[in-house]
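Participant: Below you'll find entry02.pdb; it's PDB, C-alpha atoms.
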MODEL        1
ATOM      1  CA  MET A1414      -5.072  16.671   5.068
ATOM      2  CA  LYS A1415      -5.736  12.973   5.656
ATOM      3  CA  LYS A1416      -7.317  11.885   8.925
ATOM      4  CA  ALA A1417      -6.297   8.839  10.930
ATOM      5  CA  ILE A1418      -7.274   6.949  14.003
ATOM      6  CA  ALA A1419      -4.209   5.570  15.761
ATOM      7  CA  TYR A1420      -3.731   2.319  17.653
ATOM      8  CA  THR A1421      -1.079   1.072  20.064
ATOM      9  CA  SER A1422      -0.596  -2.096  22.069
ATOM     10  CA  ASP A1423       2.442  -3.276  24.005
ATOM     11  CA  ILE A1424       4.476  -5.390  21.570
ATOM     12  CA  ILE A1425       6.472  -8.265  23.028
ATOM     13  CA  LEU A1426       9.510  -9.171  20.962
ATOM     14  CA  GLY A1427       9.780 -12.958  20.720
ATOM     15  CA  ARG A1428      12.893 -14.472  22.230
ATOM     16  CA  THR A1429      14.203 -11.337  23.952
ATOM     17  CA  VAL A1430      10.864 -10.619  25.659
ATOM     18  CA  GLU A1431      11.586  -6.908  25.228
ATOM     19  CA  VAL A1432       8.490  -4.741  25.135
ATOM     20  CA  ILE A1433       7.943  -1.912  22.687
ATOM     21  CA  SER A1434       5.822   0.308  24.889
ATOM     22  CA  THR A1435       2.707   2.116  23.826
ATOM     23  CA  SER A1436       4.390   5.422  24.706
ATOM     24  CA  SER A1437       7.290   4.850  22.295
ATOM     25  CA  GLN A1438       4.845   3.723  19.604
ATOM     26  CA  LYS A1439       2.810   6.874  20.148
ATOM     27  CA  GLN A1440       5.919   9.036  19.604
ATOM     28  CA  GLU A1441       6.678   7.239  16.308
ATOM     29  CA  ILE A1442       3.073   7.582  15.144
ATOM     30  CA  GLU A1443       2.953  11.293  16.008
ATOM     31  CA  ALA A1444       6.233  11.971  14.177
ATOM     32  CA  TYR A1445       5.042  10.040  11.114
ATOM     33  CA  ALA A1446       1.703  11.860  11.091
ATOM     34  CA  LYS A1447       3.404  15.257  11.320
ATOM     35  CA  ALA A1448       5.867  14.430   8.521
ATOM     36  CA  ASN A1449       3.079  13.156   6.247
ATOM     37  CA  ASP A1450       0.406  15.811   6.885
ATOM     38  CA  ILE A1451      -1.928  13.416   8.707
ATOM     39  CA  GLU A1452      -4.266  14.579  11.450
ATOM     40  CA  ILE A1453      -4.810  12.022  14.205
ATOM     41  CA  VAL A1454      -8.472  12.312  15.155
ATOM     42  CA  GLY A1455      -8.595   9.477  17.686
ATOM     43  CA  TRP A1456      -6.324   7.252  19.780
ATOM     44  CA  PHE A1457      -7.064   3.680  20.803
ATOM     45  CA  GLU A1458      -4.912   1.438  22.971
ATOM     46  CA  ASP A1459      -4.660  -1.986  24.534
ATOM     47  CA  LYS A1460      -2.056  -2.457  27.251
ATOM     48  CA  MET A1461      -2.050  -6.241  27.158
ATOM     49  CA  TYR A1462      -1.172  -7.951  23.895
ATOM     50  CA  ASN A1463      -3.692 -10.648  22.993
ATOM     51  CA  GLU A1464      -3.408 -12.623  19.755
ATOM     52  CA  ASP A1465      -7.189 -12.585  19.407
ATOM     53  CA  VAL A1466      -7.242  -9.063  17.949
ATOM     54  CA  MET A1467     -10.986  -8.823  17.502
ATOM     55  CA  THR A1468     -11.700  -9.297  21.240
ATOM     56  CA  ARG A1469      -9.380  -6.508  22.412
ATOM     57  CA  THR A1470     -11.260  -3.619  23.992
ATOM     58  CA  GLY A1471      -9.187  -0.977  22.181
ATOM     59  CA  ILE A1472      -9.760  -2.678  18.817
ATOM     60  CA  GLN A1473     -13.488  -2.935  19.441
ATOM     61  CA  ASP A1474     -13.581   0.782  20.287
ATOM     62  CA  LEU A1475     -11.479   1.589  17.208
ATOM     63  CA  LEU A1476     -13.799  -0.378  14.929
ATOM     64  CA  ALA A1477     -16.831   1.334  16.484
ATOM     65  CA  TYR A1478     -15.394   4.795  15.720
ATOM     66  CA  GLU A1479     -17.851   6.708  13.532
ATOM     67  CA  GLY A1480     -15.957   9.943  12.903
ATOM     68  CA  PRO A1481     -14.316  10.936   9.634
ATOM     69  CA  CYS A1482     -11.034   9.162   8.918
ATOM     70  CA  ASP A1483      -9.069   7.689   6.028
ATOM     71  CA  MET A1484      -6.868   5.171   7.795
ATOM     72  CA  VAL A1485      -5.809   3.314  10.891
ATOM     73  CA  LEU A1486      -2.273   4.315  11.799
ATOM     74  CA  VAL A1487      -0.024   1.952  13.793
ATOM     75  CA  GLU A1488       3.653   2.090  14.643
ATOM     76  CA  ARG A1489       4.048  -1.408  13.145
ATOM     77  CA  VAL A1490       1.674  -4.168  12.131
ATOM     78  CA  TRP A1491       2.948  -6.255  15.041
ATOM     79  CA  SER A1492       0.806  -4.199  17.412
ATOM     80  CA  LEU A1493      -2.075  -6.133  15.868
ATOM     81  CA  SER A1494      -0.595  -9.553  15.133
ATOM     82  CA  ARG A1495       2.205 -11.462  13.437
ATOM     83  CA  ARG A1496      -0.209 -14.023  12.007
ATOM     84  CA  TRP A1497      -1.760 -13.408   8.606
ATOM     85  CA  PRO A1498      -5.044 -15.297   9.262
ATOM     86  CA  THR A1499      -5.610 -13.140  12.356
ATOM     87  CA  LEU A1500      -4.865  -9.955  10.427
ATOM     88  CA  GLU A1501      -7.193 -10.946   7.586
ATOM     89  CA  GLN A1502     -10.166 -10.894   9.977
ATOM     90  CA  PHE A1503      -9.273  -7.376  11.096
ATOM     91  CA  TYR A1504      -8.549  -6.228   7.540
ATOM     92  CA  ALA A1505     -11.946  -7.486   6.358
ATOM     93  CA  VAL A1506     -13.602  -5.097   8.806
ATOM     94  CA  LEU A1507     -11.349  -2.236   7.634
ATOM     95  CA  ASP A1508     -12.391  -3.009   4.049
ATOM     96  CA  ARG A1509     -16.080  -2.734   4.962
ATOM     97  CA  LYS A1510     -15.361   0.647   6.569
ATOM     98  CA  SER A1511     -13.216   1.754   3.555
ATOM     99  CA  LEU A1512     -10.174   2.239   5.791
ATOM    100  CA  LYS A1513      -6.543   1.553   5.012
ATOM    101  CA  LEU A1514      -3.909   0.427   7.473
ATOM    102  CA  GLN A1515      -0.729   2.491   7.528
ATOM    103  CA  SER A1516       2.430   1.747   9.523
ATOM    104  CA  ALA A1517       4.613   4.551  10.823
ATOM    105  CA  THR A1518       7.721   2.393  10.488
ATOM    106  CA  CYS A1519       8.816   0.434   7.461
ATOM    107  CA  MET A1520       9.597  -3.098   8.642
ATOM    108  CA  TRP A1521      10.835  -5.765   6.231
ATOM    109  CA  ASP A1522       9.390  -8.907   7.820
ATOM    110  CA  CYS A1523       6.892 -10.903   5.739
ATOM    111  CA  ILE A1524       3.774  -9.760   7.603
ATOM    112  CA  SER A1525       4.676  -6.074   7.287
ATOM    113  CA  GLN A1526       5.421  -6.412   3.588
ATOM    114  CA  MET A1527       2.198  -8.344   2.915
ATOM    115  CA  SER A1528       0.201  -5.709   4.782
ATOM    116  CA  ARG A1529       1.892  -2.837   2.940
ATOM    117  CA  ARG A1530       1.217  -4.493  -0.398
ATOM    118  CA  ARG A1531      -2.401  -5.206   0.554
ATOM    119  CA  PHE A1532      -3.168  -1.589   1.341
ATOM    120  CA  ASP A1533      -0.844  -0.034  -1.265
ATOM    121  CA  ALA A1534      -0.250   3.272   0.490
ATOM    122  CA  GLY A1535       1.239   4.774  -2.653
ATOM    123  CA  ASP A1536       0.118   8.302  -1.867
ATOM    124  CA  ILE A1537       1.850   8.345   1.534
ATOM    125  CA  THR A1538       5.611   8.515   1.980
ATOM    126  CA  GLN A1539       6.988   5.255   3.385
TER     127      GLN A1539
ENDMDL
END
Could you take the file, read its structure, and then write that structure out as structure tokens?
Facilitator:
Amino acid sequence: MKKAIAYTSDIILGRTVEVISTSSQKQEIEAYAKANDIEIVGWFEDKMYNEDVMTRTGIQDLLAYEGPCDMVLVERVWSLSRRWPTLEQFYAVLDRKSLKLQSATCMWDCISQMSRRRFDAGDITQ
């Protein structure tokens, strides 16, 4: 069984200003983990979205996690950022920790596709 640490952050949807709440993200992540035989060994969260990912308290705690895990599991990449340069900083730290990023939902926007391709989660059902 693979082990994951999960992350949520309120996601504000551009023009509509709708918010995808952390609670709905958590439900999606839990369902994905159950369907894909993934044990969630830790949860991290930021209530306020901040484009500077690396300064978020929940992200700092996530990156400081020392327990056994194979991946960081998010509902969608947007909980981190929609900007590739911002994501690259975060991904560089995941690389040093030998962690993959896995999304519980399969979005088709450019950032989601680039992230999926970067981590090539071929052994996990999309």
Participant: Which region 1471-1526 of chain A residues have any atom within 10 Å of an atom of region 1441-1454 of chain A, and for each, what is the nearest pair of atoms with distance in Å to one decimal, counting all atoms listed in the file, rows sorted by chain and number, as a Markdown table?
Facilitator:
| residue | atom | partner | partner_atom | distance |
| --- | --- | --- | --- | --- |
| A:Gly1480 | CA | A:Val1454 | CA | 8.2 |
| A:Pro1481 | CA | A:Val1454 | CA | 8.2 |
| A:Cys1482 | CA | A:Val1454 | CA | 7.4 |
| A:Asp1483 | CA | A:Ile1451 | CA | 9.5 |
| A:Met1484 | CA | A:Ile1453 | CA | 9.6 |
| A:Val1485 | CA | A:Ile1453 | CA | 9.4 |
| A:Leu1486 | CA | A:Ile1442 | CA | 7.1 |
| A:Val1487 | CA | A:Ile1442 | CA | 6.6 |
| A:Glu1488 | CA | A:Ile1442 | CA | 5.5 |
| A:Arg1489 | CA | A:Ile1442 | CA | 9.3 |
| A:Gln1515 | CA | A:Ile1442 | CA | 9.9 |
| A:Ser1516 | CA | A:Ile1442 | CA | 8.1 |
| A:Ala1517 | CA | A:Ile1442 | CA | 5.5 |
| A:Thr1518 | CA | A:Glu1441 | CA | 7.6 |
Participant: Interatomic distance between CA of Glu1464 (chain A) and CA of Thr1435 (chain A)?
Facilitator: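 Computing it gives 16.5 Å between the two atoms.
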Participant: Between CA of Cys1519 (chain A) and CA of Ala1477 (chain A), what distance in Å does the model show, to one decimal?
Facilitator: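 If I compute the distance from CA of Cys1519 (chain A) to CA of Ala1477 (chain A), I get 27.2 Å.
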Participant: Considering only C-alpha atoms, state which residue in the set A:Thr1468, A:Ser1492, A:Leu1476, A:Ile1418 is at the smallest distance from Ile1433 (chain A).
Facilitator: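 That would be A:Ser1492, the residue with the smallest distance to Ile1433 (chain A).
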Participant: Please write the residues picked by the PyMOL selection byres ((chain A and resi 1503-1508) around 9) on this file as a list of chain:residue names.
Facilitator: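 Answer for the PyMOL selection byres ((chain A and resi 1503-1508) around 9): A:Val1466, A:Met1467, A:Leu1476, A:Met1484, A:Val1485, A:Leu1493, A:Thr1499, A:Leu1500, A:Glu1501, A:Gln1502, A:Arg1509, A:Lys1510, A:Ser1511, A:Leu1512, A:Lys1513, A:Leu1514.
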Participant: Just to confirm, what's the straight-line distance from CA of Met1520 (chain A) to CA of Ala1417 (chain A) in Å (one decimal)?
Facilitator: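 About the pair CA of Met1520 (chain A) and CA of Ala1417 (chain A): they are 20.0 Å apart.
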Participant: Kindly indicate which residue among A:Lys1439, A:Arg1469, A:Lys1460, A:Arg1495 lies nearest to Leu1426 (chain A), using all atoms listed in the file for the distances.
Facilitator: A:Arg1495
Participant: Care to translate the PyMOL selection byres ((chain A and resi 1423) around 9) into actual residues of this file, as an NGL selection string?
Facilitator: :A and (1421-1422 or 1424-1425 or 1432-1436 or 1438 or 1458-1462 or 1492)
Participant: Between A:Thr1429, A:Gln1473, A:Ile1524, A:Asn1463, single out the one closest to Pro1498 (chain A), counting all atoms listed in the file.
Facilitator: A:Ile1524
Participant: How about completing region 1414-1425 of chain A with all heavy atoms and giving it to me as a short mmCIF file (atom, residue, chain, number, x, y, z; two decimals), keeping the file's coordinate frame?
Facilitator:
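File produced: out29.cif:
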data_model
loop_
_atom_site.label_atom_id
_atom_site.label_comp_id
_atom_site.auth_asym_id
_atom_site.auth_seq_id
_atom_site.Cartn_x
_atom_site.Cartn_y
_atom_site.Cartn_z
N MET A 1414 -5.76 17.40 4.03
CA MET A 1414 -5.07 16.67 5.07
C MET A 1414 -5.84 15.37 5.34
O MET A 1414 -7.03 15.39 5.56
CB MET A 1414 -4.98 17.51 6.35
CG MET A 1414 -4.36 16.78 7.51
SD MET A 1414 -4.18 17.75 9.02
CE MET A 1414 -2.63 18.55 8.70
N LYS A 1415 -5.12 14.27 5.34
CA LYS A 1415 -5.74 12.97 5.66
C LYS A 1415 -5.97 12.88 7.16
O LYS A 1415 -5.28 13.49 7.95
CB LYS A 1415 -4.84 11.84 5.19
CG LYS A 1415 -4.74 11.76 3.68
CD LYS A 1415 -4.27 10.39 3.27
CE LYS A 1415 -4.20 10.29 1.77
NZ LYS A 1415 -5.43 9.95 1.15
N LYS A 1416 -6.98 12.09 7.52
CA LYS A 1416 -7.32 11.88 8.93
C LYS A 1416 -7.10 10.42 9.28
O LYS A 1416 -7.39 9.53 8.48
CB LYS A 1416 -8.77 12.27 9.18
CG LYS A 1416 -9.05 13.75 8.94
CD LYS A 1416 -10.48 14.07 9.29
CE LYS A 1416 -10.84 15.51 9.00
NZ LYS A 1416 -10.01 16.50 9.57
N ALA A 1417 -6.57 10.20 10.48
CA ALA A 1417 -6.30 8.84 10.93
C ALA A 1417 -6.76 8.63 12.35
O ALA A 1417 -6.79 9.56 13.16
CB ALA A 1417 -4.79 8.56 10.85
N ILE A 1418 -7.12 7.38 12.63
CA ILE A 1418 -7.27 6.95 14.00
C ILE A 1418 -6.06 6.07 14.28
O ILE A 1418 -5.64 5.29 13.43
CB ILE A 1418 -8.62 6.22 14.26
CG1 ILE A 1418 -8.89 5.14 13.22
CG2 ILE A 1418 -9.75 7.23 14.30
CD1 ILE A 1418 -10.18 4.37 13.46
N ALA A 1419 -5.46 6.25 15.44
CA ALA A 1419 -4.21 5.57 15.76
C ALA A 1419 -4.44 4.49 16.81
O ALA A 1419 -5.34 4.60 17.65
CB ALA A 1419 -3.19 6.58 16.27
N TYR A 1420 -3.60 3.45 16.73
CA TYR A 1420 -3.73 2.32 17.65
C TYR A 1420 -2.36 1.89 18.16
O TYR A 1420 -1.40 1.81 17.39
CB TYR A 1420 -4.40 1.13 16.96
CG TYR A 1420 -4.48 -0.08 17.86
CD1 TYR A 1420 -5.44 -0.15 18.86
CD2 TYR A 1420 -3.58 -1.12 17.73
CE1 TYR A 1420 -5.50 -1.25 19.71
CE2 TYR A 1420 -3.63 -2.22 18.57
CZ TYR A 1420 -4.60 -2.28 19.55
OH TYR A 1420 -4.66 -3.36 20.40
N THR A 1421 -2.29 1.62 19.46
CA THR A 1421 -1.08 1.07 20.06
C THR A 1421 -1.44 -0.08 20.99
O THR A 1421 -2.54 -0.14 21.54
CB THR A 1421 -0.31 2.13 20.89
OG1 THR A 1421 -1.15 2.59 21.94
CG2 THR A 1421 0.14 3.30 20.03
N SER A 1422 -0.50 -0.99 21.13
CA SER A 1422 -0.60 -2.10 22.07
C SER A 1422 0.82 -2.53 22.40
O SER A 1422 1.66 -2.57 21.50
CB SER A 1422 -1.36 -3.27 21.44
OG SER A 1422 -1.33 -4.40 22.30
N ASP A 1423 1.11 -2.80 23.67
CA ASP A 1423 2.44 -3.28 24.00
C ASP A 1423 2.82 -4.43 23.08
O ASP A 1423 2.04 -5.35 22.89
CB ASP A 1423 2.51 -3.75 25.46
CG ASP A 1423 2.60 -2.61 26.45
OD1 ASP A 1423 2.89 -1.47 26.02
OD2 ASP A 1423 2.38 -2.85 27.64
N ILE A 1424 4.00 -4.36 22.49
CA ILE A 1424 4.48 -5.39 21.57
C ILE A 1424 5.61 -6.14 22.25
O ILE A 1424 6.62 -5.54 22.63
CB ILE A 1424 4.98 -4.77 20.25
CG1 ILE A 1424 3.87 -3.99 19.56
CG2 ILE A 1424 5.54 -5.85 19.33
CD1 ILE A 1424 4.35 -3.15 18.39
N ILE A 1425 5.44 -7.43 22.41
CA ILE A 1425 6.47 -8.26 23.03
C ILE A 1425 7.31 -8.89 21.92
O ILE A 1425 6.78 -9.54 21.02
CB ILE A 1425 5.85 -9.36 23.92
CG1 ILE A 1425 4.99 -8.71 25.01
CG2 ILE A 1425 6.92 -10.25 24.51
CD1 ILE A 1425 4.10 -9.66 25.75
#
